[in-house]
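Enquirer: Okay, handing you the structure first.
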Amino acid sequence: MITIGLTGGIGMGKTTTAALFEGEGIPVWDADKAVHRLYSPRGFGVAPILERFPGVGGPLGGINRALLAEAVLGKPAELKALEEIVHPLVAADQRGFLEAQERAGAEIVLLDIPLLLENNPDRSEGIVVVCSAPEDVRKARVLARPGMTEEKYAAILSAQMPEEEKLKLADYIVPTGEGFEVAREKVREILADIRAKALDAGGK
């Protein structure tokens with residue numbers, strides 16, 4: 001089974017790109033959705049997070065992500081404490097996905113991970129695909145999100161690997177600032193190339 005790691009900085013169109021891969025029949029595991037599951041009322045992350053960060057609970061149970069973000073954004077020690085709780089739980093969720101897909105006989109799977117290269121510089125996901133867009137496009141996308149401010153945007157950027165470094169580590173790049181059709185065609189080209197290389201490797 002071939003594993004693709006998809007990443008890109010905030011506002012780079014990663015969610016749309018993951019959906020394009022899914023539209024081509026590729027099973028997708030989304031790290032952000034895994035975190036949402038952990039933060040839901042019955043999620044495994046709720047109890048340890050509330051123990052460490054009291055006051056970030058949601059009105060219906062679970063974790064209020066906005067309050068949690070306020071508790072850690074711009075506070076390296078607090079962010080590290082949160083990561084020590086969440087990362088092992090997310091890793092377990094990912095392993096479950098991979099095991100299930102392997103049992104199902106999947107040819108290729110995609111792991112959608114925002115901090116793939118920051119947390120995994122040795123690129124153990126194998127094939128790395130990076131989404132990219134011009135800075136003005138990226139910033140406009142992010143600032144259009146509810147509750148986003150220039151200060152929050154700057155804080156998020158500071159925690160991410162610079163774009164030029166990500167692009168150097170990429171096996172493939174998907175341009176997301178040139179329209180949906182351009183991105184979709186690039187995804188199809190990437191999958192065709194990966195399959196062709198797998199066939200060549202199998203024939204040797």
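Residue names in the structure tokens use chain letters A, B, ... in the order shown, residue numbers from 1 in each chain, and ligand numbers from 1 in the order shown.
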What's around Ile26 of chain A at 12 Å? Count only C-alpha atoms, leave out sequence neighbours fewer than 4 positions away in its own chain, and write the answer as a PyMOL selection string.

Expert: chain A and resi 1-4+17-22+101+105-112+187-188+191

Enquirer: Give me, as a ChimeraX atom specification, all polymer residues having an atom no more than 12 Å from Arg37 of chain A, counting only C-alpha atoms and skipping those fewer than 4 positions away in the same chain.

Expert: /A:30-33,41-46,62-63,65,86,89-90,93

Enquirer: Write out the residues from the selection above, keeping N, CA, C and O atoms, as a CSV table (one decimal), in the first residue's frame.

Expert:
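Result file selection.csv:
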chain,number,residue,atom,x,y,z
A,30,ASP,N,-7.9,12.4,7.7
A,30,ASP,CA,-7.7,13.8,8.0
A,30,ASP,C,-7.3,14.0,9.5
A,30,ASP,O,-8.1,13.7,10.4
A,31,ALA,N,-6.2,14.6,9.7
A,31,ALA,CA,-5.7,14.8,11.1
A,31,ALA,C,-6.6,15.7,11.8
A,31,ALA,O,-6.9,15.5,13.0
A,32,ASP,N,-7.1,16.8,11.2
A,32,ASP,CA,-8.0,17.7,11.9
A,32,ASP,C,-9.3,17.1,12.3
A,32,ASP,O,-9.8,17.3,13.4
A,33,LYS,N,-9.8,16.2,11.4
A,33,LYS,CA,-11.1,15.5,11.8
A,33,LYS,C,-10.8,14.5,12.9
A,33,LYS,O,-11.7,14.3,13.8
A,41,PRO,N,-17.8,15.2,22.7
A,41,PRO,CA,-18.2,14.8,24.0
A,41,PRO,C,-17.8,13.4,24.5
A,41,PRO,O,-17.5,13.3,25.7
A,42,ARG,N,-17.7,12.5,23.6
A,42,ARG,CA,-17.2,11.1,24.0
A,42,ARG,C,-15.8,10.8,23.6
A,42,ARG,O,-15.4,9.7,23.6
A,43,GLY,N,-15.1,11.9,23.2
A,43,GLY,CA,-13.7,11.7,22.7
A,43,GLY,C,-12.7,11.4,23.8
A,43,GLY,O,-12.9,11.8,24.9
A,44,PHE,N,-11.7,10.6,23.4
A,44,PHE,CA,-10.7,10.2,24.3
A,44,PHE,C,-9.8,11.3,24.8
A,44,PHE,O,-9.2,11.2,25.9
A,45,GLY,N,-9.9,12.5,24.1
A,45,GLY,CA,-9.0,13.6,24.6
A,45,GLY,C,-9.6,14.5,25.6
A,45,GLY,O,-9.0,15.3,26.2
A,46,VAL,N,-10.9,14.4,25.8
A,46,VAL,CA,-11.7,15.3,26.7
A,46,VAL,C,-11.1,15.3,28.1
A,46,VAL,O,-10.8,16.4,28.6
A,62,GLY,N,-17.5,17.8,25.8
A,62,GLY,CA,-16.4,18.0,24.8
A,62,GLY,C,-15.6,19.2,25.1
A,62,GLY,O,-15.6,19.8,26.2
A,63,ILE,N,-14.8,19.6,24.1
A,63,ILE,CA,-13.8,20.7,24.2
A,63,ILE,C,-14.3,21.8,23.3
A,63,ILE,O,-14.6,21.6,22.2
A,65,ARG,N,-13.0,24.4,21.1
A,65,ARG,CA,-11.7,24.6,20.4
A,65,ARG,C,-11.3,26.1,20.5
A,65,ARG,O,-10.1,26.4,20.5
A,86,VAL,N,-2.4,15.2,22.9
A,86,VAL,CA,-3.2,15.0,21.7
A,86,VAL,C,-2.4,14.1,20.7
A,86,VAL,O,-3.0,13.2,20.1
A,89,LEU,N,-2.8,10.3,20.8
A,89,LEU,CA,-4.2,9.9,20.5
A,89,LEU,C,-4.4,10.0,19.0
A,89,LEU,O,-5.1,9.1,18.4
A,90,VAL,N,-3.9,11.0,18.4
A,90,VAL,CA,-4.1,11.2,16.9
A,90,VAL,C,-3.3,10.1,16.2
A,90,VAL,O,-3.8,9.5,15.2
A,93,ASP,N,-5.3,6.9,16.2
A,93,ASP,CA,-6.4,7.0,15.2
A,93,ASP,C,-5.8,6.8,13.8
A,93,ASP,O,-6.4,6.0,13.0

Enquirer: If we count only C-alpha atoms, what is near segment 151-153 of chain A at a cut-off of 10 Å, once residues fewer than 4 positions away on the same chain are taken out, given as a PyMOL selection string?

Expert: chain A and resi 10-11+69-70+73-74+139+142-143+147+157-158

Enquirer: Store the residues of this selection in a file with N, CA and C atoms, as an mmCIF file, in the first residue's frame.

Expert:
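Output saved as out-v5.cif:
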data_model
loop_
_atom_site.group_PDB
_atom_site.id
_atom_site.type_symbol
_atom_site.label_atom_id
_atom_site.label_comp_id
_atom_site.auth_asym_id
_atom_site.auth_seq_id
_atom_site.Cartn_x
_atom_site.Cartn_y
_atom_site.Cartn_z
ATOM 1 N N ILE A 10 -1.231 27.095 6.495
ATOM 2 C CA ILE A 10 -2.603 27.573 6.624
ATOM 3 C C ILE A 10 -3.000 28.392 5.399
ATOM 4 N N GLY A 11 -4.209 28.132 4.887
ATOM 5 C CA GLY A 11 -4.712 28.878 3.743
ATOM 6 C C GLY A 11 -4.195 28.417 2.396
ATOM 7 N N ALA A 69 -7.775 27.171 21.993
ATOM 8 C CA ALA A 69 -6.808 27.929 21.193
ATOM 9 C C ALA A 69 -6.308 29.151 21.957
ATOM 10 N N GLU A 70 -7.222 29.832 22.645
ATOM 11 C CA GLU A 70 -6.821 30.991 23.452
ATOM 12 C C GLU A 70 -5.857 30.593 24.562
ATOM 13 N N LEU A 73 -2.347 29.501 22.266
ATOM 14 C CA LEU A 73 -1.767 30.268 21.165
ATOM 15 C C LEU A 73 -0.763 31.294 21.693
ATOM 16 N N GLY A 74 0.453 31.238 21.167
ATOM 17 C CA GLY A 74 1.491 32.158 21.607
ATOM 18 C C GLY A 74 2.119 31.793 22.932
ATOM 19 N N LYS A 139 -3.506 34.613 2.396
ATOM 20 C CA LYS A 139 -3.913 35.509 3.483
ATOM 21 C C LYS A 139 -5.389 35.863 3.374
ATOM 22 N N VAL A 142 -7.512 32.983 4.649
ATOM 23 C CA VAL A 142 -7.475 32.797 6.103
ATOM 24 C C VAL A 142 -8.250 33.899 6.823
ATOM 25 N N LEU A 143 -8.061 35.143 6.415
ATOM 26 C CA LEU A 143 -8.728 36.247 7.104
ATOM 27 C C LEU A 143 -10.231 36.269 6.860
ATOM 28 N N GLY A 147 -13.805 34.684 13.018
ATOM 29 C CA GLY A 147 -12.983 34.818 14.215
ATOM 30 C C GLY A 147 -11.495 34.991 13.973
ATOM 31 N N LEU A 157 1.246 31.241 11.644
ATOM 32 C CA LEU A 157 2.369 31.168 10.706
ATOM 33 C C LEU A 157 3.683 30.918 11.431
ATOM 34 N N SER A 158 3.842 31.535 12.593
ATOM 35 C CA SER A 158 5.104 31.407 13.328
ATOM 36 C C SER A 158 5.348 29.985 13.803
#

Enquirer: Counting only C-alpha atoms, which of A:Leu38, A:Arg138, A:Pro48, A:Thr16 gets nearest to Ala91 of chain A?

Expert: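 Looking at the shortest contact to Ala91 of chain A, the residue is A:Leu38.
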
Enquirer: DSSP on the backbone, strand (DSSP E or B) only: what residues of segment 14-203 of chain A does that give? Format it as a VMD selection string.

Expert: chain A and resid 28 to 30 57 59 61 63 108 to 112 127 to 132 172 to 175

Enquirer: Between atom CA of Leu115 of chain A and atom CA of Thr7 of chain A, what is the distance in Å, rounded to a tenth?

Expert: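 Atom CA of Leu115 of chain A sits 6.9 Å away from atom CA of Thr7 of chain A.
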
Enquirer: Counting only C-alpha atoms, figure out which residue out of A:Ala92, A:Val35, A:Val72, A:Ile113 gets nearest to Leu6 of chain A.

Expert: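 For Leu6 of chain A, the nearest of the given residues is A:Ile113.
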
Enquirer: Output as a PyMOL selection string all residues of segment 20-168 of chain A that backbone DSSP marks as alpha helix (DSSP H).

Expert: chain A and resi 20-23+31-39+46-52+65-72+76-104+116-119+135-143+150-158+163-168
